[in-house]
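A.B. asks: Below is one structure. I have some questions about it.
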Amino acid sequence: MPDRTAAEPNPAPTGRGVWEPTWRRAEGTRSIDLRYLDRDPRTTDRPYFGPVLALAAGHRRRDESLRLLDVGCANGAFARYVLERRPRWDVSGIDVLPELVDAASAAVPEGRFSVADICAPQSLPSERFDVVTALTIPSHFDSLEQWLPQVLRLTAPGGVAVLYGPLNPSPVDLICRLRYAGESEEWLPGWNVLSQRTYDAFLRGRVRSWAYHYPEVSTLGYPATAPADGLSSRIVPAPDGQRLGNSSGLTYHMACVEMHR
Ligand SMILES: C[S@@+](CC[C@H](N)C(=O)[O-])C[C@H]1O[C@@H](n2cnc3c(N)ncnc32)[C@H](O)[C@@H]1O
């Protein structure tokens, strides 16, 4: 794993009477993502895979061959999902955790997987892709500037990038860290909710067009009751219908961001 700035267990006063944030910078990496090693990508079928693939494929013919890169591919489950439905596509994945890349390579031999950090341009593939996906990883970063320029650079002109994660239709951005109280000192990134307005400001002038898609929460396959893992998403009632949330009390909309270069 690349060298990271470790989190200090508690905030410390600076001596000037000012409290400085001591949670680590959000570069995405979290120890809990090693849990993907316990899941078989050949049988993992997340409900958002279908809507993301539909946006990625657009109006292209089924037998057309395309180059797809999945950023934050974990154990390769989405790559496997795509290859089963689009066997002519050339599917690659990158992840910052080498253990997950090894697992993806072993379970999905038709895919090409490598270790890379989407925040570190020099670690990324030099080629361009017709489709770039980044699923449930956008919420790991505090700023779009950290990682989205690289996603767009990896997308070939004329290609499409599709993100899936928490998104706020209202003009408010949320940055947060969560932890398992009493169990761990690690403050985890992963639930930031940036607004459409922030995406709009970032994307203007950088892509040809973009659109937001909010799938109906009930179709996304999340549980309606609280799962054992307090940080896992479940459906929660909200004044405007249903949202996702977890035991922190945070609730959020999940959406796809479709961006055309
Ligand atoms: C919440 S998991 C999502 C996995 C998969 N995309 C899915 O939807 O099931 C986030 C993944 O992104 C990876 N990741 C986090 N930060 C990253 C970074 N800076 N560059 C590349 N991958 C990263 C993690 O290791 C993890 O596998």
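Just so we're on the same page: first chain in the structure tokens is A, next is B, and so on; residues restart at 1 for each chain, and ligands are numbered from 1 in the order they show up.
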Among segment 100-247 of chain A, which ones does DSSP place in helix (DSSP H, G or I), written as a PyMOL selection string?
C.D. replies: chain A and resi 100-107+121-123+138-140+144-154+196-203+217-219
A.B. asks: How would the residues just chosen look if you wrote them out with N, CA and C atoms as an mmCIF file, in the first residue's frame?
C.D. replies:
```
data_model
loop_
_atom_site.group_PDB
_atom_site.id
_atom_site.type_symbol
_atom_site.label_atom_id
_atom_site.label_comp_id
_atom_site.auth_asym_id
_atom_site.auth_seq_id
_atom_site.Cartn_x
_atom_site.Cartn_y
_atom_site.Cartn_z
ATOM 1 N N LEU A 100 -6.421 -6.639 -3.186
ATOM 2 C CA LEU A 100 -7.661 -6.710 -3.970
ATOM 3 C C LEU A 100 -7.350 -6.924 -5.449
ATOM 4 N N VAL A 101 -6.287 -6.295 -5.918
ATOM 5 C CA VAL A 101 -5.899 -6.473 -7.332
ATOM 6 C C VAL A 101 -5.533 -7.936 -7.584
ATOM 7 N N ASP A 102 -4.800 -8.544 -6.648
ATOM 8 C CA ASP A 102 -4.448 -9.966 -6.795
ATOM 9 C C ASP A 102 -5.710 -10.826 -6.830
ATOM 10 N N ALA A 103 -6.662 -10.511 -5.937
ATOM 11 C CA ALA A 103 -7.904 -11.298 -5.880
ATOM 12 C C ALA A 103 -8.686 -11.146 -7.181
ATOM 13 N N ALA A 104 -8.746 -9.922 -7.709
ATOM 14 C CA ALA A 104 -9.480 -9.688 -8.964
ATOM 15 C C ALA A 104 -8.821 -10.447 -10.109
ATOM 16 N N SER A 105 -7.490 -10.405 -10.175
ATOM 17 C CA SER A 105 -6.775 -11.095 -11.266
ATOM 18 C C SER A 105 -7.037 -12.595 -11.212
ATOM 19 N N ALA A 106 -7.086 -13.146 -9.995
ATOM 20 C CA ALA A 106 -7.294 -14.597 -9.862
ATOM 21 C C ALA A 106 -8.727 -14.982 -10.221
ATOM 22 N N ALA A 107 -9.694 -14.142 -9.829
ATOM 23 C CA ALA A 107 -11.109 -14.524 -10.005
ATOM 24 C C ALA A 107 -11.649 -14.158 -11.383
ATOM 25 N N PRO A 121 -1.204 10.689 -10.481
ATOM 26 C CA PRO A 121 -1.192 10.537 -11.940
ATOM 27 C C PRO A 121 -0.110 9.605 -12.462
ATOM 28 N N GLN A 122 1.082 9.626 -11.809
ATOM 29 C CA GLN A 122 2.181 8.814 -12.336
ATOM 30 C C GLN A 122 1.945 7.320 -12.156
ATOM 31 N N SER A 123 0.970 6.941 -11.299
ATOM 32 C CA SER A 123 0.707 5.513 -11.076
ATOM 33 C C SER A 123 -0.321 4.950 -12.063
ATOM 34 N N PRO A 138 -16.398 7.740 -5.251
ATOM 35 C CA PRO A 138 -16.350 9.206 -5.230
ATOM 36 C C PRO A 138 -16.467 9.790 -3.816
ATOM 37 N N SER A 139 -17.227 9.137 -2.942
ATOM 38 C CA SER A 139 -17.457 9.667 -1.597
ATOM 39 C C SER A 139 -16.245 9.496 -0.689
ATOM 40 N N HIS A 140 -15.174 8.871 -1.189
ATOM 41 C CA HIS A 140 -13.966 8.699 -0.364
ATOM 42 C C HIS A 140 -13.106 9.960 -0.337
ATOM 43 N N LEU A 144 -13.150 17.153 -5.484
ATOM 44 C CA LEU A 144 -13.145 16.583 -6.831
ATOM 45 C C LEU A 144 -11.777 16.756 -7.470
ATOM 46 N N GLU A 145 -11.084 17.842 -7.111
ATOM 47 C CA GLU A 145 -9.787 18.136 -7.714
ATOM 48 C C GLU A 145 -8.767 17.032 -7.465
ATOM 49 N N GLN A 146 -8.949 16.289 -6.361
ATOM 50 C CA GLN A 146 -7.988 15.247 -6.014
ATOM 51 C C GLN A 146 -7.944 14.116 -7.031
ATOM 52 N N TRP A 147 -9.095 13.797 -7.611
ATOM 53 C CA TRP A 147 -9.163 12.538 -8.371
ATOM 54 C C TRP A 147 -9.915 12.641 -9.696
ATOM 55 N N LEU A 148 -10.911 13.546 -9.789
ATOM 56 C CA LEU A 148 -11.734 13.560 -11.002
ATOM 57 C C LEU A 148 -10.972 14.023 -12.252
ATOM 58 N N PRO A 149 -9.980 14.940 -12.133
ATOM 59 C CA PRO A 149 -9.214 15.274 -13.338
ATOM 60 C C PRO A 149 -8.559 14.039 -13.953
ATOM 61 N N GLN A 150 -8.073 13.130 -13.083
ATOM 62 C CA GLN A 150 -7.414 11.921 -13.601
ATOM 63 C C GLN A 150 -8.445 11.005 -14.288
ATOM 64 N N VAL A 151 -9.648 10.918 -13.714
ATOM 65 C CA VAL A 151 -10.695 10.095 -14.348
ATOM 66 C C VAL A 151 -10.990 10.631 -15.751
ATOM 67 N N LEU A 152 -11.090 11.942 -15.869
ATOM 68 C CA LEU A 152 -11.409 12.531 -17.176
ATOM 69 C C LEU A 152 -10.238 12.354 -18.144
ATOM 70 N N ARG A 153 -9.019 12.445 -17.631
ATOM 71 C CA ARG A 153 -7.848 12.270 -18.497
ATOM 72 C C ARG A 153 -7.769 10.834 -19.013
ATOM 73 N N LEU A 154 -8.229 9.879 -18.216
ATOM 74 C CA LEU A 154 -8.207 8.470 -18.644
ATOM 75 C C LEU A 154 -9.314 8.170 -19.658
ATOM 76 N N GLN A 196 -24.556 18.541 -6.471
ATOM 77 C CA GLN A 196 -24.596 18.726 -7.919
ATOM 78 C C GLN A 196 -23.952 20.050 -8.299
ATOM 79 N N ARG A 197 -24.183 21.069 -7.460
ATOM 80 C CA ARG A 197 -23.647 22.393 -7.803
ATOM 81 C C ARG A 197 -22.117 22.359 -7.861
ATOM 82 N N THR A 198 -21.503 21.617 -6.937
ATOM 83 C CA THR A 198 -20.042 21.497 -6.944
ATOM 84 C C THR A 198 -19.571 20.723 -8.174
ATOM 85 N N TYR A 199 -20.305 19.654 -8.534
ATOM 86 C CA TYR A 199 -19.971 18.933 -9.778
ATOM 87 C C TYR A 199 -20.150 19.855 -10.984
ATOM 88 N N ASP A 200 -21.256 20.606 -11.004
ATOM 89 C CA ASP A 200 -21.498 21.522 -12.136
ATOM 90 C C ASP A 200 -20.303 22.460 -12.320
ATOM 91 N N ALA A 201 -19.862 23.058 -11.200
ATOM 92 C CA ALA A 201 -18.773 24.040 -11.281
ATOM 93 C C ALA A 201 -17.488 23.385 -11.762
ATOM 94 N N PHE A 202 -17.267 22.143 -11.327
ATOM 95 C CA PHE A 202 -16.050 21.443 -11.731
ATOM 96 C C PHE A 202 -16.105 21.038 -13.206
ATOM 97 N N LEU A 203 -17.265 20.560 -13.650
ATOM 98 C CA LEU A 203 -17.350 19.949 -14.987
ATOM 99 C C LEU A 203 -17.457 20.983 -16.112
ATOM 100 N N VAL A 217 -34.716 4.618 -4.979
ATOM 101 C CA VAL A 217 -33.974 3.940 -3.902
ATOM 102 C C VAL A 217 -34.415 2.482 -3.754
ATOM 103 N N SER A 218 -35.739 2.252 -3.870
ATOM 104 C CA SER A 218 -36.255 0.894 -3.632
ATOM 105 C C SER A 218 -35.761 -0.101 -4.684
ATOM 106 N N THR A 219 -35.255 0.404 -5.831
ATOM 107 C CA THR A 219 -34.778 -0.512 -6.874
ATOM 108 C C THR A 219 -33.297 -0.849 -6.718
#
```
A.B. asks: Excluding segment 44-47 of chain A and its own-chain neighbours fewer than 3 positions away, which residues fall within 6 Å of it when counting only C-alpha atoms? Please give them as a VMD selection string.
C.D. replies: chain A and resid 41 77 220 to 221
A.B. asks: Show which residues sit within 12 Å of Leu83 of chain A, as a list of chain:residue names. Count only C-alpha atoms, and ignore same-chain residues fewer than 6 positions away.
C.D. replies: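 Final neighbour list, sorted by chain and number: A:Arg42, A:Leu53, A:Arg62, A:Asp63, A:Ser65, A:Leu66, A:Arg67, A:Leu68, A:Leu69, A:Gly76, A:Ala77, A:Trp89, A:Asp90, A:Val91, A:Ser92, A:Val108, A:Pro109, A:Glu110, A:Gly111, A:Arg112.
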A.B. asks: Using only C-alpha atoms and all ligand atoms, which protein or nucleic acid residues are at most 6 Å from ligand 1, as a PyMOL selection string?
C.D. replies: chain A and resi 27-29+33+71-74+95-97+116-119+135-137
A.B. asks: Which of these, A:Pro157, A:Leu188, A:Ser195, A:Thr43, has the shortest distance to Arg80 of chain A once you count only C-alpha atoms?
C.D. replies: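 Closest to Arg80 of chain A, using only C-alpha atoms: A:Thr43.
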A.B. asks: Determine, counting only C-alpha atoms, which protein, DNA and RNA residues have an atom within 10 Å of an atom of Tyr164 of chain A; residues of the same chain fewer than 6 positions away are not included. Present the result as a list in words.
C.D. replies: Tyr48, Phe49, Pro51, Val52, Thr133, Ala134, Leu135, Thr136, Ile137, Pro138, Ser139, Tyr212, His213, Tyr214, Met254, Ala255, Cys256, Val257 and Glu258 of chain A
A.B. asks: In Å, with one decimal, what is the gap from atom CA of Ser233 of chain A to atom CA of Glu216 of chain A?
C.D. replies: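 Interatomic distance, atom CA of Ser233 of chain A to atom CA of Glu216 of chain A: 14.9 Å.
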